[in-house]
>>> print(open('entry14.txt').read())   # compact mmCIF, C-alpha atoms
# COMPACT_ATOMS: atom_id res chain seq x y z
CA MET A 1 0.80 20.75 -2.73
CA SER A 2 -0.73 23.03 -0.15
CA ALA A 3 -3.66 22.44 2.14
CA PRO A 4 -6.30 25.14 1.97
CA PHE A 5 -8.40 23.50 4.62
CA ASP A 6 -7.72 21.80 7.90
CA PRO A 7 -8.10 18.13 6.91
CA TYR A 8 -10.58 17.67 9.75
CA GLY A 9 -12.15 21.14 9.68
CA SER A 10 -15.66 21.80 8.43
CA THR A 11 -16.41 23.75 5.26
CA THR A 12 -20.09 24.08 6.08
CA GLU A 13 -21.97 27.04 7.54
CA ALA A 14 -21.96 25.54 11.04
CA ALA A 15 -21.14 27.80 14.00
CA ALA A 16 -19.78 24.87 15.99
CA GLU A 17 -17.94 21.62 15.47
CA MET A 18 -18.32 18.12 16.88
CA TYR A 19 -15.04 16.91 18.39
CA CYS A 20 -13.77 13.38 19.04
CA THR A 21 -11.55 13.09 22.11
CA VAL A 22 -10.14 9.74 20.96
CA CYS A 23 -8.88 10.43 17.43
CA ASP A 24 -8.66 14.25 17.76
CA ARG A 25 -10.86 14.84 14.70
CA SER A 26 -13.65 17.35 14.22
CA TYR A 27 -16.86 16.97 12.23
CA ALA A 28 -19.73 19.17 11.14
CA GLU A 29 -22.84 19.39 13.29
CA GLY A 30 -25.34 16.62 12.66
CA ILE A 31 -22.96 13.77 13.50
CA ASP A 32 -23.23 12.52 17.11
CA HIS A 33 -20.65 9.73 17.11
CA CYS A 34 -17.24 9.49 15.47
CA PRO A 35 -17.56 7.42 12.27
CA LEU A 36 -14.05 6.04 12.83
CA ASP A 37 -14.12 4.84 16.44
CA GLY A 38 -17.73 5.28 17.59
CA THR A 39 -16.89 7.74 20.38
CA GLN A 40 -19.65 10.19 21.31
CA LEU A 41 -18.66 13.60 19.98
CA ILE A 42 -18.45 16.78 22.03
CA ARG A 43 -19.95 20.00 20.65
CA LEU A 44 -17.49 22.90 20.60
CA ASP A 45 -18.79 26.39 19.84
CA GLN A 46 -16.57 28.71 17.84
CA GLY A 47 -15.15 31.72 19.65
CA GLN A 48 -15.25 35.09 17.92
CA ASP A 49 -12.18 35.46 15.73
CA PRO A 50 -10.89 39.07 15.63
CA ARG A 51 -10.28 38.78 11.88
CA ILE A 52 -13.97 38.22 11.13
CA GLY A 53 -15.29 41.30 9.33
CA MET A 54 -11.83 42.58 8.36
CA THR A 55 -10.86 43.25 4.75
CA LEU A 56 -7.60 41.60 3.77
CA ASP A 57 -5.28 43.36 1.35
CA GLY A 58 -8.06 45.81 0.46
CA ARG A 59 -9.92 43.06 -1.37
CA TYR A 60 -11.04 40.04 0.64
CA ARG A 61 -13.67 40.56 3.37
CA ILE A 62 -13.34 37.75 5.89
CA GLU A 63 -16.66 36.14 6.86
CA ARG A 64 -15.97 32.92 8.73
CA ARG A 65 -13.17 30.78 10.07
CA LEU A 66 -13.12 27.37 8.40
CA GLY A 67 -10.27 25.61 10.14
CA ALA A 68 -6.63 25.60 11.15
CA GLY A 69 -3.79 23.46 9.85
CA GLY A 70 -0.09 23.01 10.36
CA MET A 71 0.86 26.23 8.56
CA GLY A 72 -2.04 28.58 9.15
CA VAL A 73 -5.70 29.42 9.54
CA VAL A 74 -8.26 29.19 6.75
CA TYR A 75 -11.20 31.56 6.31
CA ARG A 76 -14.14 31.98 4.00
CA ALA A 77 -14.12 35.45 2.46
CA VAL A 78 -15.83 37.52 -0.22
CA ASP A 79 -13.79 38.94 -3.09
CA SER A 80 -14.84 42.60 -3.42
CA ARG A 81 -13.85 42.61 -7.09
CA THR A 82 -16.02 39.69 -8.15
CA GLY A 83 -18.52 39.31 -5.31
CA GLY A 84 -17.70 35.61 -5.16
CA ARG A 85 -16.64 33.52 -2.20
CA VAL A 86 -13.03 32.45 -1.80
CA ALA A 87 -10.98 30.55 0.75
CA ILE A 88 -8.13 32.48 2.36
CA LYS A 89 -5.24 30.83 4.14
CA LEU A 90 -3.17 33.03 6.46
CA ILE A 91 -0.01 32.50 8.45
CA GLY A 92 1.10 34.95 11.13
CA SER A 93 3.47 37.87 10.72
CA ASP A 94 4.97 37.75 14.22
CA LYS A 95 8.51 36.56 14.97
CA ALA A 96 7.11 33.41 16.58
CA VAL A 97 6.35 32.07 13.12
CA ASP A 98 9.43 30.24 11.90
CA ILE A 99 10.98 31.59 8.69
CA GLY A 100 11.19 28.02 7.44
CA ILE A 101 7.40 27.72 7.71
CA LYS A 102 6.98 30.93 5.73
CA LYS A 103 9.33 29.69 3.02
CA ARG A 104 7.47 26.39 2.82
CA PHE A 105 4.17 28.25 2.58
CA LEU A 106 5.44 30.29 -0.38
CA ARG A 107 6.96 27.27 -2.12
CA GLU A 108 3.73 25.32 -1.88
CA ALA A 109 1.68 28.32 -3.01
CA LYS A 110 3.82 28.55 -6.15
CA LEU A 111 3.43 24.84 -6.81
CA LEU A 112 -0.34 24.97 -6.48
CA GLY A 113 -0.44 27.97 -8.79
CA ARG A 114 1.12 25.83 -11.54
CA LEU A 115 -1.46 23.05 -11.21
CA ALA A 116 -4.36 23.93 -13.50
CA GLN A 117 -6.47 20.79 -13.29
CA ARG A 118 -10.16 20.42 -12.43
CA ASN A 119 -9.54 17.90 -9.65
CA ILE A 120 -7.07 20.14 -7.81
CA VAL A 121 -8.12 23.19 -5.82
CA GLU A 122 -7.50 26.37 -7.83
CA VAL A 123 -5.15 29.04 -6.50
CA LEU A 124 -6.25 32.58 -7.34
CA GLU A 125 -3.29 34.49 -5.93
CA PHE A 126 -0.81 34.60 -3.09
CA GLY A 127 1.12 37.42 -1.50
CA GLN A 128 1.75 39.45 1.62
CA THR A 129 -0.41 42.08 3.29
CA ARG A 130 0.87 45.48 4.43
CA GLU A 131 0.91 44.07 7.95
CA GLY A 132 3.29 41.33 6.87
CA GLN A 133 0.92 38.37 6.77
CA LEU A 134 1.39 35.84 4.00
CA PHE A 135 -1.85 34.73 2.41
CA LEU A 136 -3.14 32.33 -0.21
CA ALA A 137 -6.47 32.96 -1.98
CA MET A 138 -8.16 29.88 -3.44
CA GLU A 139 -11.47 28.77 -4.84
CA TYR A 140 -14.02 28.12 -2.10
CA LEU A 141 -15.11 24.49 -2.00
CA ASP A 142 -18.60 24.09 -0.56
CA GLY A 143 -18.81 20.44 0.38
CA ASP A 144 -17.48 17.65 2.57
CA ASP A 145 -14.19 15.85 2.59
CA LEU A 146 -14.25 12.34 1.13
CA GLU A 147 -14.33 10.77 4.58
CA ARG A 148 -17.49 12.62 5.64
CA TRP A 149 -19.05 12.24 2.20
CA ARG A 150 -18.63 8.47 2.35
CA VAL A 151 -20.27 8.34 5.79
CA LYS A 152 -23.27 10.32 4.52
CA HIS A 153 -23.42 8.51 1.17
CA GLY A 154 -23.12 4.97 2.47
CA VAL A 155 -21.64 2.00 0.63
CA LEU A 156 -20.29 2.93 -2.82
CA SER A 157 -21.02 0.84 -5.88
CA PRO A 158 -18.11 -0.46 -8.01
CA ALA A 159 -18.89 2.22 -10.62
CA GLU A 160 -18.81 4.96 -7.97
CA LEU A 161 -15.52 3.68 -6.59
CA CYS A 162 -14.03 3.74 -10.08
CA GLU A 163 -15.19 7.33 -10.57
CA VAL A 164 -13.60 8.40 -7.29
CA GLY A 165 -10.35 6.69 -8.21
CA GLN A 166 -10.25 8.07 -11.75
CA GLN A 167 -10.69 11.67 -10.61
CA ILE A 168 -8.10 11.40 -7.85
CA CYS A 169 -5.63 9.72 -10.21
CA ALA A 170 -6.18 12.51 -12.76
CA ALA A 171 -5.15 15.04 -10.11
CA LEU A 172 -2.07 13.05 -9.15
CA GLU A 173 -1.08 12.60 -12.78
CA ALA A 174 -1.18 16.37 -13.32
CA ALA A 175 0.99 16.85 -10.24
CA HIS A 176 3.47 14.16 -11.29
CA GLU A 177 3.89 15.80 -14.69
CA LEU A 178 5.34 18.77 -12.80
CA GLU A 179 7.43 16.45 -10.61
CA ILE A 180 5.23 17.13 -7.60
CA VAL A 181 4.60 14.22 -5.23
CA HIS A 182 1.63 14.18 -2.85
CA ARG A 183 2.97 12.81 0.42
CA ASP A 184 -0.22 12.68 2.46
CA LEU A 185 -3.06 11.40 0.27
CA LYS A 186 -6.04 10.29 2.36
CA PRO A 187 -9.85 10.76 2.35
CA ALA A 188 -9.57 13.79 4.65
CA ASN A 189 -7.47 15.54 1.98
CA VAL A 190 -10.01 15.11 -0.81
CA MET A 191 -12.99 17.49 -1.01
CA VAL A 192 -16.26 16.46 -2.65
CA VAL A 193 -18.29 19.16 -4.41
CA GLU A 194 -21.75 18.13 -5.62
CA ARG A 195 -22.47 19.17 -9.21
CA PRO A 196 -25.38 18.56 -11.63
CA ASP A 197 -23.22 16.13 -13.61
CA GLY A 198 -22.11 14.25 -10.50
CA PRO A 199 -19.69 14.75 -7.60
CA ARG A 200 -16.37 16.45 -8.32
CA PHE A 201 -13.44 15.21 -6.23
CA LYS A 202 -10.73 17.78 -5.49
CA VAL A 203 -7.35 16.91 -4.03
CA LEU A 204 -5.94 19.18 -1.31
CA ASP A 205 -2.75 19.25 0.77
>>> encode(input="entry14.txt", output="structure tokens")
Amino acid sequence: MSAPFDPYGSTTEAAAEMYCTVCDRSYAEGIDHCPLDGTQLIRLDQGQDPRIGMTLDGRYRIERRLGAGGMGVVYRAVDSRTGGRVAIKLIGSDKAVDIGIKKRFLREAKLLGRLAQRNIVEVLEFGQTREGQLFLAMEYLDGDDLERWRVKHGVLSPAELCEVGQQICAALEAAHELEIVHRDLKPANVMVVERPDGPRFKVLD
């Protein structure tokens, strides 16, 4: 399974992030101390990314950088065909990017494309731009990861814990049916999207 977001990156509208020098994690603005180790966080402003404002593959207009992970950078973009927001993951086209990383990116994109389940992030398409950059277009998840959501939400009731577990297990069951094993399941790799009928938990990575 592929990770559309940096596990510790923010998916909010913030123009800066709060960074912990002890555990090397970043949080959205509004949190002053690391919820894991209590360290006072340092505010880091985002630099201007040259891709902001560009249109990718003649379709996706990049609006904001969301985070960076082991295989690429993730952006929020607008799909010119639908007008809706999407998340775009890019890896570089230069020779410095290992071919093995590119192959892994494509393999995981194909796997995600086969997983049609409401608790797994939806892949819209993947491909390569004219400039040679591999990209993955996914549904945009406007929310917090499970770790941040728990900090904001407070102590969960037994019923809430069961709901979290049931939704995550449903995602894993769908993956296992396709012989896909999630090797890095943790709160930072689960996004929480608030909905009228209750929070929806979506497994990433």
>>> closest_residue(input="entry14.txt", among="A:Lys110, A:Lys186, A:Lys202, A:Arg148", to="Ala170 of chain A", atoms="all atoms listed in the file")
A:Lys202
>>> residues_near_point(input="entry14.txt", point="(3.0, 13.0, -4.7)", cutoff="12 Å", atoms="all atoms listed in the file", output="list of chain:residue names")
A:Met1, A:Ser2, A:Ile168, A:Cys169, A:Ala171, A:Leu172, A:Glu173, A:Ala174, A:Ala175, A:His176, A:Glu177, A:Leu178, A:Glu179, A:Ile180, A:Val181, A:His182, A:Arg183, A:Asp184, A:Leu185, A:Lys186, A:Val203, A:Leu204, A:Asp205
>>> write_last_selection(input="entry14.txt", atoms="C-alpha atoms", output="PDB file, keeping the file's coordinate frame")
ATOM      1  CA  MET A   1       0.800  20.750  -2.730  1.00  0.00           C
ATOM      2  CA  SER A   2      -0.730  23.030  -0.150  1.00  0.00           C
ATOM      3  CA  ILE A 168      -8.100  11.400  -7.850  1.00  0.00           C
ATOM      4  CA  CYS A 169      -5.630   9.720 -10.210  1.00  0.00           C
ATOM      5  CA  ALA A 171      -5.150  15.040 -10.110  1.00  0.00           C
ATOM      6  CA  LEU A 172      -2.070  13.050  -9.150  1.00  0.00           C
ATOM      7  CA  GLU A 173      -1.080  12.600 -12.780  1.00  0.00           C
ATOM      8  CA  ALA A 174      -1.180  16.370 -13.320  1.00  0.00           C
ATOM      9  CA  ALA A 175       0.990  16.850 -10.240  1.00  0.00           C
ATOM     10  CA  HIS A 176       3.470  14.160 -11.290  1.00  0.00           C
ATOM     11  CA  GLU A 177       3.890  15.800 -14.690  1.00  0.00           C
ATOM     12  CA  LEU A 178       5.340  18.770 -12.800  1.00  0.00           C
ATOM     13  CA  GLU A 179       7.430  16.450 -10.610  1.00  0.00           C
ATOM     14  CA  ILE A 180       5.230  17.130  -7.600  1.00  0.00           C
ATOM     15  CA  VAL A 181       4.600  14.220  -5.230  1.00  0.00           C
ATOM     16  CA  HIS A 182       1.630  14.180  -2.850  1.00  0.00           C
ATOM     17  CA  ARG A 183       2.970  12.810   0.420  1.00  0.00           C
ATOM     18  CA  ASP A 184      -0.220  12.680   2.460  1.00  0.00           C
ATOM     19  CA  LEU A 185      -3.060  11.400   0.270  1.00  0.00           C
ATOM     20  CA  LYS A 186      -6.040  10.290   2.360  1.00  0.00           C
ATOM     21  CA  VAL A 203      -7.350  16.910  -4.030  1.00  0.00           C
ATOM     22  CA  LEU A 204      -5.940  19.180  -1.310  1.00  0.00           C
ATOM     23  CA  ASP A 205      -2.750  19.250   0.770  1.00  0.00           C
TER      24      ASP A 205
END
>>> atom_distance(input="entry14.txt", atom1="atom CA of Gly67 of chain A", atom2="atom CA of Leu90 of chain A")
10.9 Å
>>> atom_distance(input="entry14.txt", atom1="atom CA of Met18 of chain A", atom2="atom CA of Gly143 of chain A")
16.7 Å
>>> closest_residue(input="entry14.txt", among="A:Arg200, A:Glu139, A:Leu111, A:Ala28", to="Val123 of chain A", atoms="all atoms listed in the file")
A:Glu139
>>> closest_residue(input="entry14.txt", among="A:Leu41, A:Val86, A:Leu124, A:Leu136", to="Ile62 of chain A", atoms="all atoms listed in the file")
A:Val86
>>> atom_distance(input="entry14.txt", atom1="atom CA of Leu134 of chain A", atom2="atom CA of Val74 of chain A")
12.0 Å
>>> closest_residue(input="entry14.txt", among="A:Pro187, A:Asp57, A:Glu163, A:Gly84", to="Val151 of chain A", atoms="all atoms listed in the file")
A:Pro187
>>> residues_around(input="entry14.txt", residues="Arg76 of chain A", least_positions_apart="3", cutoff="10 Å", atoms="all atoms listed in the file", output="JSON, numbers by chain")
{"A": [11, 13, 52, 60, 61, 62, 63, 64, 65, 66, 67, 79, 85, 86, 87, 88, 89, 137, 138, 139, 140, 141]}
>>> closest_residue(input="entry14.txt", among="A:Leu44, A:Gly113, A:Arg130, A:Tyr75", to="Gly58 of chain A", atoms="all atoms listed in the file")
A:Arg130
>>> residues_around(input="entry14.txt", residues="Phe201 of chain A", least_positions_apart="3", cutoff="7 Å", atoms="only C-alpha atoms", output="list in words")
Asn119, Val164, Gln167, Ile168, Val190, Met191, Val192 and Val193 of chain A
>>> closest_residue(input="entry14.txt", among="A:Leu156, A:Ile101, A:Ala109, A:Leu56", to="Val78 of chain A", atoms="only C-alpha atoms")
A:Leu56
